[in-house]
Amino acid sequence: MSSMEVDAPGSTGSGVEIDESLYSRQLYVLGHETMKKMAASSILLIGLKGLGVEIAKDLILTGVKSVTLFDNTPTTIFDLSAQFYLTEKDVGKPRSVASVAKLADLNSYVEVKAHTGELTDEFITSFKVVVLAGQRLDLALRINALCHPAKIPFIFADTRGVFANIFCDFGEGFTVVDQNGENPSSILVSSISNENPGIVSVSDEHRLPFEDGDYITFTEVQGMTELNDSAPRPIKMLSPYTFSIEDTTGYSKYKQGGYAVQVKMPKTVNFKSMQESLAAPEFLIADFAKFESPGQLHVGWQALDAFQAQHNRLPRPRDEADAVELVALATTINGQAANKLEKIDNKLLKLLAFGAVGELAPMTAVVGGIASQEVLKAVSGKYAPIQQWLYYDAVEILPATELTAADVQPAGTRYDGQSTVVGNALQDKIRNLNLFLVGAGAIGCEVLKIFALMGVGTGANGQIQVTDMDTIEKSNLSRQFLFRTKDIEKLKSETAAAAVQQMNPDVRVKAYSSRVGAETENFFNQKFYEALDGVCNALDNVEARMYMDSQCVFYKKFLLESGTLGTKGNTQVVVPFLTESYASSRDPPEKGIPLCTLHHFPNLIEHTIQWARDIFEGLYRNQAETVNSYLSNPGFIDSLAKQTGPTKLETVSSIRSALGEERATRFEQCIQWARLKFEEYFNNNIQQLLYNFPVDMINSQTGAPFWSGPKRAPKPLTFDAENEEHLGFVIAAANLRAENYGLKGDRDPAVFKRVLPTIIVPDFTPKTNLKIKVNDNEQGPAQQEEKLEDDDVVFERSVSQLPAASQLAGYRMTPIEFEKDVDTNFHIDFITATANLRAANYSIAPADKHKAKGIAGKIIPAMVTTTAVVSGLVCLELLKIIQGKPIEAYKNGFINLALPFFGFSEPLAPPKTKVRDDWSWNLWDRFEVQGDITLQQFIDYFKDKYQLEVTMVSCGVAMLYSFFMAKDKLAERLNRKLSEVIESVTKQPLPTTRDDVTMEICANRIEDDEEAEVPSVRYIFRQR
């Protein structure tokens, strides 16, 4: 036995703490416990072609303990179509040996080895999980026979051209601790009956988030306290608002309140061995439009293996005789099966034979991502595993015209693994594509890698252009695999472009660092878009997606859209004139937290974290920026005076305190300020709230206690310097305040404990004239004192008390921009302490720093596995687009690797708007008018060509023409050049970076004088 080992200094065992700065986005998917299990797991991976290296890459990035590679097969040029860590210089070297160093470089915490010895039984069974990628069934059966009785999880994955499969066997008695990864649901209870069974009801404003058979616990129930903190019990759903529990006749009478909280219960799953499962397979359906395919491919894969055993090779590309033989073998195997198929699908299995030697990068990305996620399930028990076979195909990417052996003849290039499947003609089209990739983050890196392997942009007329304004951070490294530690703070776009050129020197990549948007249309202009074939989005925000969608619609370019959220992913293909656009069916905006809930009546830790985040912005950024505006802008006070009363009074008060009584010149003053803020937020404000709404207050309209339902009665906190959370708030708040004033801070708790006893904290007396809103429907601010004098009088007096800006010439405060990913800057320390102290006020369970960081920083959970899958799926759609496939060939996808679930649907066609019986239009249509014509000629154009009477013409917000305009104005405009009218009315010159402007018209049909809804107009004012 021998092995080649590549270790990095950071290689560790299971005892190491999880590096949160590296794995932060993944931790929000998997959690610390799962990550610790992964960090103790050793993986054996057999097979290092494209699929194997994809699995290795994903596992190493996610942070398992070790990955041992085995593949002594010499590298061939054919391997380079999907194996991104092999180069032409590696031809002849063992695949695993040639790949190990680059794989090890992905993550210094993971030990990566290349095993070159025998695969002995002892060696195989020394691993936590065994994975086979692209291997023969006889080897798989031998290894599975070792793993199954030993309960060593075993995963078999393979891709053959446009076909793929995955098999999972985690042994008998495998425990799944969390089947879906979703946060447990909870809901406020409104009543519980004393009967057998007890009936639990909730408000009809909220449907129950539970299912029949779920387990729940109860907390904070008043009256029927026997339910609180007891063991989880199963429930039976009775309606969307009621469920039953055990016999409650012997329990105390329910009074009010309480939460029903879902509890995740472990589930035991039994797996069959591979030998048993081959005979009696259980399928996970990947595409419900192909319900019969898994059974066909299950037989076909066995036939493929039998063919290989007989001939010591796979069927030759597009070889009819080989394909016929494979079908015959499949027929024989099916005839011997206990559960026979009614009929063998000759056409499907011939396609399997025709492309069996090929390996496509998009397919390996999809299957590699899924298989890697199954490995993580195997080592952690988190999420439901595949039971037990998954078959997937992408036959829609194959050319509509039947290919011949001559069409797929290998050319001796790195693309042969792809061209033997899709044909040399299509390969030539791929090489000459000019694509714009927007974003070089996680999805961007994966897509760029697949593009390079496919050969996109390697032809004389081809190019990939990528833009991303962001620089690389450490947290990117766990899923954006083109980046390394040495690349931190470099531009993502340039680094990613250089990395894929190392993978494939033929690829032509141009990198930019500009944001896409209206502000960069002078750069990403008409000439730029017209030269493109299409766009691929790799974005993480809706605003940029919407903008790129609008550009693609305007310039009639296809768009590949995708996104991920933890284990969930989605893909959408947008094809001009064929499908709707991204904007046609965008997700609804997220619901915000009501302001009254945020300010006075929180009941969830999410509420207190958001409140803390808002406090951070107000204290450390907004106030400093406002002060600087006052000091630098002579017209600031005049502008402020025009605003509404409360806003301008609060602003001038903030400036006065920051430059006056609260201005800090020593760090001790920052400590004092922080201590008084503690008193204000967590004692005084709570006393005031309880003064307005006493604990025993009764709602005069309903007769119910005011502090009931979601309203939790708060209690003031008394400061205690020995309390870690109390002191932590003061330390973080004081240091951030010091940064505002350019002072040196201090982290030593002893310094604070020395100063805190010297601070005089004034006694608090609740205000009798303060009104506090109970809900957002009430008018006015969240709280407001009754006015004793006019706002303008108070404002003028407050302004007169400000220090003159001239007296502070050159003085500026330092605004603090919230940064979640720097652990030493006190930002998350402040948010966590503030949120937890407010949670203590309201008896809400606290959050750790990890949770606070995720919510306050709006961190999007991310996994490299999901990213790989969606990237592969969009690249498969690319192959359909460049062939001009019909709409039924395309697939929009939604996946959830946790469940696992795969859903594919045909894109929707764009809705049509009818003008006449013989004329309808959709979002891709527009009128095009060109030439140096007059406004009258423009109007006559629609009358003569479309029998439309134009009643109104606009350009942006400017009205160029309307039938009700004054006659003298009409006469003046109608005879002028349209270009002159546009410039005159808009008071803007015509753009120099494009040759057109978009205009809107209102028009009536001439035949019936009825208004017709018509598309926009592209007026081409300049011919180049």
# chains A, B, ... in the order shown; residues from 1 in each chain; ligands from 1

call {"tool": "residues_around", "arguments": {"residues": "Ala452 (chain A)", "least_positions_apart": "6", "cutoff": "12 Å", "atoms": "only C-alpha atoms", "output": "NGL selection string"}}
result
:A and (80-84 or 360-362 or 414-415 or 430-431 or 433 or 435 or 445-446 or 458-459 or 462-464 or 496-509 or 875)

call {"tool": "residues_around", "arguments": {"residues": "Ile1001 (chain A)", "least_positions_apart": "2", "cutoff": "9 Å", "atoms": "only C-alpha atoms", "output": "number ranges by chain"}}
result
A: 950-955, 999, 1003, 1014-1017

call {"tool": "select_by_dssp", "arguments": {"residues": "region 332-407 of chain A", "states": "strand (DSSP E)", "output": "list of chain:residue names"}}
result
A:Trp389, A:Leu390, A:Tyr391, A:Tyr392, A:Asp393

call {"tool": "closest_residue", "arguments": {"among": "A:Ala839, A:Ile671, A:Ile333, A:Leu22", "to": "Ile488 (chain A)", "atoms": "only C-alpha atoms"}}
result
A:Leu22

call {"tool": "residues_around", "arguments": {"residues": "Ile397 (chain A)", "least_positions_apart": "3", "cutoff": "12 Å", "atoms": "only C-alpha atoms", "output": "VMD selection string"}}
result
chain A and resid 161 to 163 351 360 362 to 363 393 to 394 400 to 401 418 421 to 423 426 873 to 886 888 to 891

call {"tool": "decode", "arguments": {"residues": "region 617-726 of chain A", "atoms": "C-alpha atoms", "output": "PDB file, in the first residue's frame"}}
result
ATOM      1  CA  GLU A 617     -27.237  52.707  12.431  1.00  0.00           C
ATOM      2  CA  GLY A 618     -28.739  55.588  14.384  1.00  0.00           C
ATOM      3  CA  LEU A 619     -25.963  55.893  16.952  1.00  0.00           C
ATOM      4  CA  TYR A 620     -22.853  55.232  14.937  1.00  0.00           C
ATOM      5  CA  ARG A 621     -23.551  56.111  11.311  1.00  0.00           C
ATOM      6  CA  ASN A 622     -26.560  58.410  10.959  1.00  0.00           C
ATOM      7  CA  GLN A 623     -25.654  60.808  13.738  1.00  0.00           C
ATOM      8  CA  ALA A 624     -22.046  61.206  12.547  1.00  0.00           C
ATOM      9  CA  GLU A 625     -23.141  61.733   8.940  1.00  0.00           C
ATOM     10  CA  THR A 626     -25.709  64.328  10.026  1.00  0.00           C
ATOM     11  CA  VAL A 627     -23.113  66.183  12.077  1.00  0.00           C
ATOM     12  CA  ASN A 628     -20.684  66.192   9.146  1.00  0.00           C
ATOM     13  CA  SER A 629     -23.393  67.508   6.828  1.00  0.00           C
ATOM     14  CA  TYR A 630     -24.060  70.366   9.250  1.00  0.00           C
ATOM     15  CA  LEU A 631     -20.351  71.177   9.485  1.00  0.00           C
ATOM     16  CA  SER A 632     -19.670  71.001   5.750  1.00  0.00           C
ATOM     17  CA  ASN A 633     -22.888  72.255   4.106  1.00  0.00           C
ATOM     18  CA  PRO A 634     -23.752  75.918   4.674  1.00  0.00           C
ATOM     19  CA  GLY A 635     -27.325  75.358   3.460  1.00  0.00           C
ATOM     20  CA  PHE A 636     -27.982  72.358   5.735  1.00  0.00           C
ATOM     21  CA  ILE A 637     -30.069  74.185   8.356  1.00  0.00           C
ATOM     22  CA  ASP A 638     -32.186  75.913   5.688  1.00  0.00           C
ATOM     23  CA  SER A 639     -32.953  72.539   4.091  1.00  0.00           C
ATOM     24  CA  LEU A 640     -33.676  71.015   7.491  1.00  0.00           C
ATOM     25  CA  ALA A 641     -36.111  73.805   8.345  1.00  0.00           C
ATOM     26  CA  LYS A 642     -38.343  72.738   5.443  1.00  0.00           C
ATOM     27  CA  GLN A 643     -38.847  69.208   6.835  1.00  0.00           C
ATOM     28  CA  THR A 644     -41.685  68.088   9.111  1.00  0.00           C
ATOM     29  CA  GLY A 645     -41.648  69.022  12.791  1.00  0.00           C
ATOM     30  CA  PRO A 646     -40.556  65.798  14.548  1.00  0.00           C
ATOM     31  CA  THR A 647     -37.859  65.023  11.955  1.00  0.00           C
ATOM     32  CA  LYS A 648     -36.161  68.385  12.089  1.00  0.00           C
ATOM     33  CA  LEU A 649     -36.367  68.600  15.880  1.00  0.00           C
ATOM     34  CA  GLU A 650     -34.827  65.153  16.325  1.00  0.00           C
ATOM     35  CA  THR A 651     -32.070  65.999  13.839  1.00  0.00           C
ATOM     36  CA  VAL A 652     -31.050  69.277  15.429  1.00  0.00           C
ATOM     37  CA  SER A 653     -31.177  67.662  18.883  1.00  0.00           C
ATOM     38  CA  SER A 654     -28.859  64.905  17.657  1.00  0.00           C
ATOM     39  CA  ILE A 655     -26.359  67.459  16.296  1.00  0.00           C
ATOM     40  CA  ARG A 656     -26.486  69.490  19.487  1.00  0.00           C
ATOM     41  CA  SER A 657     -25.775  66.504  21.712  1.00  0.00           C
ATOM     42  CA  ALA A 658     -22.984  65.143  19.488  1.00  0.00           C
ATOM     43  CA  LEU A 659     -21.173  68.503  19.371  1.00  0.00           C
ATOM     44  CA  GLY A 660     -22.162  69.664  22.836  1.00  0.00           C
ATOM     45  CA  GLU A 661     -22.851  67.844  26.056  1.00  0.00           C
ATOM     46  CA  GLU A 662     -22.119  64.360  24.662  1.00  0.00           C
ATOM     47  CA  ARG A 663     -19.027  65.231  22.641  1.00  0.00           C
ATOM     48  CA  ALA A 664     -16.223  62.932  23.753  1.00  0.00           C
ATOM     49  CA  THR A 665     -12.597  63.961  24.096  1.00  0.00           C
ATOM     50  CA  ARG A 666     -11.552  61.134  26.438  1.00  0.00           C
ATOM     51  CA  PHE A 667     -12.381  57.444  26.405  1.00  0.00           C
ATOM     52  CA  GLU A 668     -13.817  57.671  29.926  1.00  0.00           C
ATOM     53  CA  GLN A 669     -16.561  59.905  28.505  1.00  0.00           C
ATOM     54  CA  CYS A 670     -17.416  57.173  26.008  1.00  0.00           C
ATOM     55  CA  ILE A 671     -17.780  54.707  28.893  1.00  0.00           C
ATOM     56  CA  GLN A 672     -20.082  57.132  30.682  1.00  0.00           C
ATOM     57  CA  TRP A 673     -22.164  57.638  27.538  1.00  0.00           C
ATOM     58  CA  ALA A 674     -22.470  53.867  27.028  1.00  0.00           C
ATOM     59  CA  ARG A 675     -23.543  53.300  30.643  1.00  0.00           C
ATOM     60  CA  LEU A 676     -26.261  55.955  30.316  1.00  0.00           C
ATOM     61  CA  LYS A 677     -27.421  54.379  27.044  1.00  0.00           C
ATOM     62  CA  PHE A 678     -27.855  51.097  28.899  1.00  0.00           C
ATOM     63  CA  GLU A 679     -30.059  52.872  31.419  1.00  0.00           C
ATOM     64  CA  GLU A 680     -32.055  54.609  28.693  1.00  0.00           C
ATOM     65  CA  TYR A 681     -32.707  51.534  26.550  1.00  0.00           C
ATOM     66  CA  PHE A 682     -33.158  48.761  29.083  1.00  0.00           C
ATOM     67  CA  ASN A 683     -34.530  50.523  32.158  1.00  0.00           C
ATOM     68  CA  ASN A 684     -35.970  53.977  31.565  1.00  0.00           C
ATOM     69  CA  ASN A 685     -37.771  53.223  28.300  1.00  0.00           C
ATOM     70  CA  ILE A 686     -39.270  50.077  29.823  1.00  0.00           C
ATOM     71  CA  GLN A 687     -40.436  52.003  32.890  1.00  0.00           C
ATOM     72  CA  GLN A 688     -42.061  54.529  30.577  1.00  0.00           C
ATOM     73  CA  LEU A 689     -43.816  51.807  28.607  1.00  0.00           C
ATOM     74  CA  LEU A 690     -45.153  50.210  31.797  1.00  0.00           C
ATOM     75  CA  TYR A 691     -46.283  53.632  33.002  1.00  0.00           C
ATOM     76  CA  ASN A 692     -48.347  54.053  29.824  1.00  0.00           C
ATOM     77  CA  PHE A 693     -49.514  50.415  29.816  1.00  0.00           C
ATOM     78  CA  PRO A 694     -49.399  48.900  33.344  1.00  0.00           C
ATOM     79  CA  VAL A 695     -48.914  45.150  33.696  1.00  0.00           C
ATOM     80  CA  ASP A 696     -52.510  44.692  34.929  1.00  0.00           C
ATOM     81  CA  MET A 697     -54.062  46.951  32.287  1.00  0.00           C
ATOM     82  CA  ILE A 698     -57.295  45.682  30.678  1.00  0.00           C
ATOM     83  CA  ASN A 699     -58.247  46.427  27.071  1.00  0.00           C
ATOM     84  CA  SER A 700     -61.389  48.555  27.375  1.00  0.00           C
ATOM     85  CA  GLN A 701     -62.790  47.311  24.069  1.00  0.00           C
ATOM     86  CA  THR A 702     -62.241  43.554  24.423  1.00  0.00           C
ATOM     87  CA  GLY A 703     -62.018  43.098  28.172  1.00  0.00           C
ATOM     88  CA  ALA A 704     -58.844  41.064  27.694  1.00  0.00           C
ATOM     89  CA  PRO A 705     -55.544  41.887  29.422  1.00  0.00           C
ATOM     90  CA  PHE A 706     -53.537  44.420  27.401  1.00  0.00           C
ATOM     91  CA  TRP A 707     -50.380  42.319  27.900  1.00  0.00           C
ATOM     92  CA  SER A 708     -51.674  39.157  26.247  1.00  0.00           C
ATOM     93  CA  GLY A 709     -51.373  37.397  22.908  1.00  0.00           C
ATOM     94  CA  PRO A 710     -48.164  38.463  21.190  1.00  0.00           C
ATOM     95  CA  LYS A 711     -47.640  41.373  23.622  1.00  0.00           C
ATOM     96  CA  ARG A 712     -45.189  40.306  26.314  1.00  0.00           C
ATOM     97  CA  ALA A 713     -45.077  42.429  29.466  1.00  0.00           C
ATOM     98  CA  PRO A 714     -41.497  43.716  29.851  1.00  0.00           C
ATOM     99  CA  LYS A 715     -39.432  44.280  32.977  1.00  0.00           C
ATOM    100  CA  PRO A 716     -36.667  46.862  33.472  1.00  0.00           C
ATOM    101  CA  LEU A 717     -33.079  45.681  33.877  1.00  0.00           C
ATOM    102  CA  THR A 718     -30.823  46.844  36.702  1.00  0.00           C
ATOM    103  CA  PHE A 719     -27.241  47.299  35.558  1.00  0.00           C
ATOM    104  CA  ASP A 720     -24.717  44.848  36.969  1.00  0.00           C
ATOM    105  CA  ALA A 721     -21.070  45.227  35.962  1.00  0.00           C
ATOM    106  CA  GLU A 722     -20.500  41.567  36.867  1.00  0.00           C
ATOM    107  CA  ASN A 723     -23.115  40.474  34.332  1.00  0.00           C
ATOM    108  CA  GLU A 724     -21.260  39.521  31.153  1.00  0.00           C
ATOM    109  CA  GLU A 725     -24.034  40.756  28.826  1.00  0.00           C
ATOM    110  CA  HIS A 726     -24.375  44.083  30.670  1.00  0.00           C
TER     111      HIS A 726
END
